[in-house]
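Novice: Just so it is clear, I am handing over upload28.csv, which has CSV, C-alpha atoms.
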chain,number,residue,atom,x,y,z
A,759,MET,CA,101.7,57.3,13.0
A,760,ASN,CA,104.5,56.2,10.7
A,761,GLU,CA,103.9,52.6,11.8
A,762,LEU,CA,100.2,52.9,10.8
A,763,LEU,CA,101.1,54.4,7.4
A,764,ASP,CA,103.6,51.5,6.9
A,765,TYR,CA,100.9,48.9,7.6
A,766,ALA,CA,98.4,50.7,5.3
A,767,LEU,CA,101.0,50.8,2.4
A,768,ARG,CA,101.8,47.1,2.9
A,769,LEU,CA,98.2,46.2,3.0
A,770,GLY,CA,97.4,48.3,-0.1
A,771,LEU,CA,100.3,46.7,-2.0
A,772,LEU,CA,99.2,43.2,-1.0
A,773,CYS,CA,95.6,43.9,-2.0
A,774,GLY,CA,96.7,45.4,-5.3
A,775,LEU,CA,98.9,42.4,-6.1
A,776,SER,CA,96.1,40.0,-5.1
A,777,GLY,CA,93.6,41.8,-7.3
A,778,GLY,CA,96.0,41.9,-10.2
A,779,LEU,CA,96.7,38.2,-9.9
A,780,LEU,CA,93.0,37.3,-9.7
A,781,GLY,CA,92.3,39.4,-12.7
A,782,TRP,CA,95.1,37.7,-14.7
A,783,VAL,CA,93.9,34.2,-13.7
A,784,HIS,CA,90.3,35.2,-14.7
A,785,SER,CA,91.4,36.5,-18.1
A,786,LYS,CA,93.3,33.2,-18.7
A,787,THR,CA,90.5,30.9,-17.6
A,788,ALA,CA,87.4,32.7,-18.8
A,789,PRO,CA,87.7,31.5,-22.5
A,790,ILE,CA,88.2,28.0,-21.3
A,791,LYS,CA,85.1,28.2,-19.1
A,792,GLU,CA,83.1,29.7,-21.9
A,793,ALA,CA,84.2,26.9,-24.3
A,794,ARG,CA,83.3,24.2,-21.8
A,795,GLN,CA,79.8,25.7,-21.2
A,796,LEU,CA,79.2,25.8,-25.0
A,797,GLU,CA,80.3,22.2,-25.2
A,798,GLU,CA,77.9,21.2,-22.4
A,799,ARG,CA,75.0,23.0,-24.1
A,800,GLU,CA,75.7,21.2,-27.4
A,801,GLU,CA,75.9,17.9,-25.6
A,802,ALA,CA,72.6,18.7,-23.8
A,803,LYS,CA,70.9,19.5,-27.1
A,804,ARG,CA,71.8,16.1,-28.5
A,805,GLU,CA,70.5,14.4,-25.3
A,806,VAL,CA,67.1,16.2,-25.1
A,807,PHE,CA,66.5,15.8,-28.9
A,808,PRO,CA,68.4,13.0,-30.4
A,809,LEU,CA,68.9,13.8,-34.1
A,810,PRO,CA,68.4,11.4,-36.9
A,811,VAL,CA,71.6,10.3,-38.7
A,812,GLY,CA,73.0,13.2,-40.7
A,813,GLY,CA,70.8,15.7,-38.8
A,814,ARG,CA,71.9,19.0,-37.4
A,815,PHE,CA,70.8,21.9,-35.3
A,816,GLU,CA,70.2,25.4,-36.6
A,817,GLN,CA,70.2,28.3,-34.2
A,818,ARG,CA,67.3,30.8,-34.4
A,819,SER,CA,66.2,33.9,-32.5
A,820,ALA,CA,62.8,35.6,-32.8
A,821,ASP,CA,60.5,37.5,-30.4
A,822,GLY,CA,63.2,37.5,-27.8
A,823,LEU,CA,63.5,33.7,-27.8
A,824,LYS,CA,66.5,31.7,-28.8
A,825,TYR,CA,66.0,28.1,-29.9
A,826,ALA,CA,67.6,25.5,-32.2
A,827,ARG,CA,65.7,24.0,-35.0
A,828,ALA,CA,66.3,20.3,-35.4
A,829,LEU,CA,66.7,19.3,-39.0
A,830,ASP,CA,67.0,15.8,-40.5
A,831,SER,CA,69.6,14.8,-43.2
A,832,GLU,CA,67.4,16.3,-45.9
A,833,GLY,CA,67.2,19.6,-44.1
A,834,ASP,CA,63.5,19.1,-43.2
A,835,LEU,CA,62.4,20.5,-39.8
A,836,VAL,CA,61.7,17.7,-37.3
A,837,GLY,CA,61.6,19.5,-34.0
A,838,CYS,CA,63.4,22.0,-31.9
A,839,VAL,CA,65.3,22.5,-28.7
A,840,PHE,CA,64.7,25.6,-26.4
A,841,THR,CA,65.7,26.8,-23.0
A,842,ALA,CA,62.9,27.6,-20.6
A,843,LYS,CA,63.8,30.1,-17.9
A,844,GLY,CA,61.8,30.5,-14.7
A,845,SER,CA,62.2,31.8,-11.1
A,846,GLY,CA,62.0,29.1,-8.5
A,847,TYR,CA,62.1,29.4,-4.7
A,848,GLY,CA,65.9,29.8,-4.6
A,849,GLY,CA,66.3,31.8,-7.8
A,850,ALA,CA,66.7,31.3,-11.5
A,851,LEU,CA,65.9,28.0,-13.2
A,852,GLU,CA,67.1,27.1,-16.7
A,853,ILE,CA,65.8,24.0,-18.4
A,854,MET,CA,66.7,22.8,-21.9
A,855,VAL,CA,63.9,21.0,-23.6
A,856,GLY,CA,63.5,19.0,-26.8
A,857,MET,CA,60.1,19.1,-28.6
A,858,ASP,CA,58.6,17.6,-31.7
A,859,LEU,CA,56.7,19.8,-34.2
A,860,ASP,CA,53.3,18.6,-32.8
A,861,GLY,CA,54.3,19.8,-29.3
A,862,THR,CA,55.4,16.4,-27.9
A,863,LEU,CA,58.2,16.8,-25.4
A,864,ARG,CA,61.2,14.6,-26.1
A,865,GLY,CA,63.4,15.2,-23.1
A,866,ALA,CA,64.8,17.8,-20.7
A,867,GLN,CA,67.9,18.7,-18.8
A,868,VAL,CA,68.3,21.3,-16.1
A,869,MET,CA,71.1,23.6,-17.1
A,870,SER,CA,71.2,25.7,-13.9
A,871,GLN,CA,69.3,26.0,-10.7
A,872,LYS,CA,69.8,27.5,-7.3
A,873,GLU,CA,67.2,25.6,-5.3
A,874,THR,CA,67.4,24.2,-1.8
A,875,PRO,CA,69.6,21.1,-1.6
A,876,GLY,CA,67.4,18.0,-0.7
A,877,SER,CA,64.1,19.5,-1.9
A,878,GLY,CA,64.0,22.0,-4.8
A,879,ALA,CA,67.3,20.7,-6.2
A,880,LYS,CA,65.5,17.4,-7.0
A,881,ILE,CA,64.3,19.3,-10.1
A,882,GLU,CA,67.4,18.0,-11.8
A,883,GLU,CA,66.2,14.4,-11.2
A,884,MET,CA,62.6,15.1,-12.0
A,885,ALA,CA,62.8,17.3,-15.1
A,886,PRO,CA,63.8,14.5,-17.5
A,887,ASN,CA,60.7,12.5,-16.4
A,888,TRP,CA,58.3,15.4,-16.4
A,889,PHE,CA,59.2,16.8,-19.7
A,890,SER,CA,59.2,13.8,-22.0
A,891,ASP,CA,56.3,12.0,-23.8
A,892,GLY,CA,53.7,14.6,-22.9
A,893,ASN,CA,52.3,17.5,-25.0
A,894,VAL,CA,53.5,21.0,-24.1
A,895,GLU,CA,49.9,22.3,-24.2
A,896,ASP,CA,48.7,19.8,-21.5
A,897,LEU,CA,51.6,20.3,-19.2
A,898,SER,CA,50.5,21.1,-15.6
A,899,LEU,CA,50.8,19.9,-12.1
A,900,ALA,CA,48.6,17.1,-10.7
A,901,ARG,CA,47.0,19.6,-8.3
A,902,TYR,CA,45.6,21.4,-11.3
A,903,GLY,CA,44.5,18.3,-13.1
A,904,GLY,CA,47.7,17.6,-14.9
A,905,ALA,CA,50.1,14.7,-15.0
A,906,VAL,CA,53.1,16.2,-13.2
A,907,ASP,CA,53.4,15.4,-9.5
A,908,ALA,CA,55.1,18.3,-7.7
A,909,ILE,CA,58.3,17.7,-5.7
A,910,SER,CA,57.3,17.3,-2.0
A,911,GLY,CA,58.3,20.4,-0.1
A,912,ALA,CA,59.2,22.3,-3.3
A,913,THR,CA,55.9,23.4,-4.8
A,914,ILE,CA,57.2,26.8,-5.9
A,915,THR,CA,60.1,25.2,-7.8
A,916,SER,CA,57.7,22.6,-9.4
A,917,GLU,CA,55.2,25.3,-10.5
A,918,ALA,CA,58.0,27.5,-11.8
A,919,ALA,CA,59.6,24.8,-13.9
A,920,VAL,CA,56.3,23.5,-15.4
A,921,ARG,CA,55.1,27.1,-16.1
A,922,ALA,CA,58.4,28.0,-17.8
A,923,VAL,CA,58.5,25.0,-20.0
A,924,ARG,CA,54.8,25.2,-21.0
A,925,GLU,CA,54.9,29.0,-21.8
A,926,THR,CA,58.2,28.9,-23.6
A,927,GLY,CA,57.3,25.7,-25.5
A,928,MET,CA,54.0,27.2,-26.7
A,929,LYS,CA,55.8,30.4,-27.9
A,930,VAL,CA,58.4,28.4,-29.7
A,931,ARG,CA,55.8,26.2,-31.3
A,932,GLU,CA,53.9,29.3,-32.6
A,933,LEU,CA,57.2,30.6,-34.0
A,934,LEU,CA,57.8,27.3,-35.8
A,935,GLU,CA,54.3,27.3,-37.2
A,936,LYS,CA,54.8,30.8,-38.5
A,937,GLU,CA,58.0,29.8,-40.2
A,938,GLY,CA,56.2,26.9,-41.9
A,939,GLU,CA,53.6,29.3,-43.2
A,940,SER,CA,56.1,31.6,-44.8
Show the structure stored in the file as structure tokens.

Specialist:
Amino acid sequence: MNELLDYALRLGLLCGLSGGLLGWVHSKTAPIKEARQLEEREEAKREVFPLPVGGRFEQRSADGLKYARALDSEGDLVGCVFTAKGSGYGGALEIMVGMDLDGTLRGAQVMSQKETPGSGAKIEEMAPNWFSDGNVEDLSLARYGGAVDAISGATITSEAAVRAVRETGMKVRELLEKEGES
């Protein structure tokens, strides 16, 4: 019995030290990870909506949506960047999209996805092509009369991405129109 107690105490001490060490490492690396993610998002914004010289992004939040207004060097609104979130076959999808004021999509980048490697994960390759040069209102899959060809074997992922970008883009466009009226 003493031997069993000895093993339990040693195991408890080892687990406590391991947990403490993991917690300490996490506390030291979390701010670095956060800063890197913020940097990646800022870089992605500039990729999906290239700003004119002297332009800047201005963060906004309304109706539960967060988006960045793209302003030219004079401070005039020229477009926006938003993040569309959907639920694909493997889980959450997050796609950053650039859009002109008239609803023309400028570009996109998948920020996170948990889709099946080899099929649904191809969304990372396809999104930049799907979500550029078309209008957000007309965005739909070819099977429904649209211009976007679904990823073979990943229809759920394709539908989720297109729906998320279309719905979020339309909401952000409405918000921008309301801002222009006031």

Novice: Which one is closest to Lys803 of chain A: A:Leu823, A:Ala788, A:Val868, A:Ala766? Count only C-alpha atoms.

Specialist: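 Closest candidate: A:Val868.
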
Novice: Which of these residues is nearest to Arg799 of chain A, using all atoms listed in the file: A:Leu933, A:Ile914, A:Ala826, A:Leu851?

Specialist: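 Between A:Leu933, A:Ile914, A:Ala826, A:Leu851, the residue approaching Arg799 of chain A most closely is A:Ala826.
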
Novice: List the neighbours of segment 855-865 of chain A out to 6 Å using only C-alpha atoms; skip same-chain residues closer than 3 positions along the sequence, and give me the result as a ChimeraX atom specification.

Specialist: /A:806-807,837-840,886,889-894

Novice: Find, counting all atoms listed in the file, the residue in A:Ile853, A:Val811, A:Leu772, A:Val930 that gets nearest to Ala918 of chain A.

Specialist: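 Going through A:Ile853, A:Val811, A:Leu772, A:Val930 one by one, the smallest distance to Ala918 of chain A is for A:Ile853.
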
Novice: Figure out the distance between atom CA of Ala802 of chain A and atom CA of Thr913 of chain A, please, to one decimal in Å.

Specialist: 25.7 Å

Novice: What is the distance between atom CA of Phe815 of chain A and atom CA of Leu829 of chain A, in Å to one decimal?

Specialist: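 These two atoms are separated by 6.1 Å.
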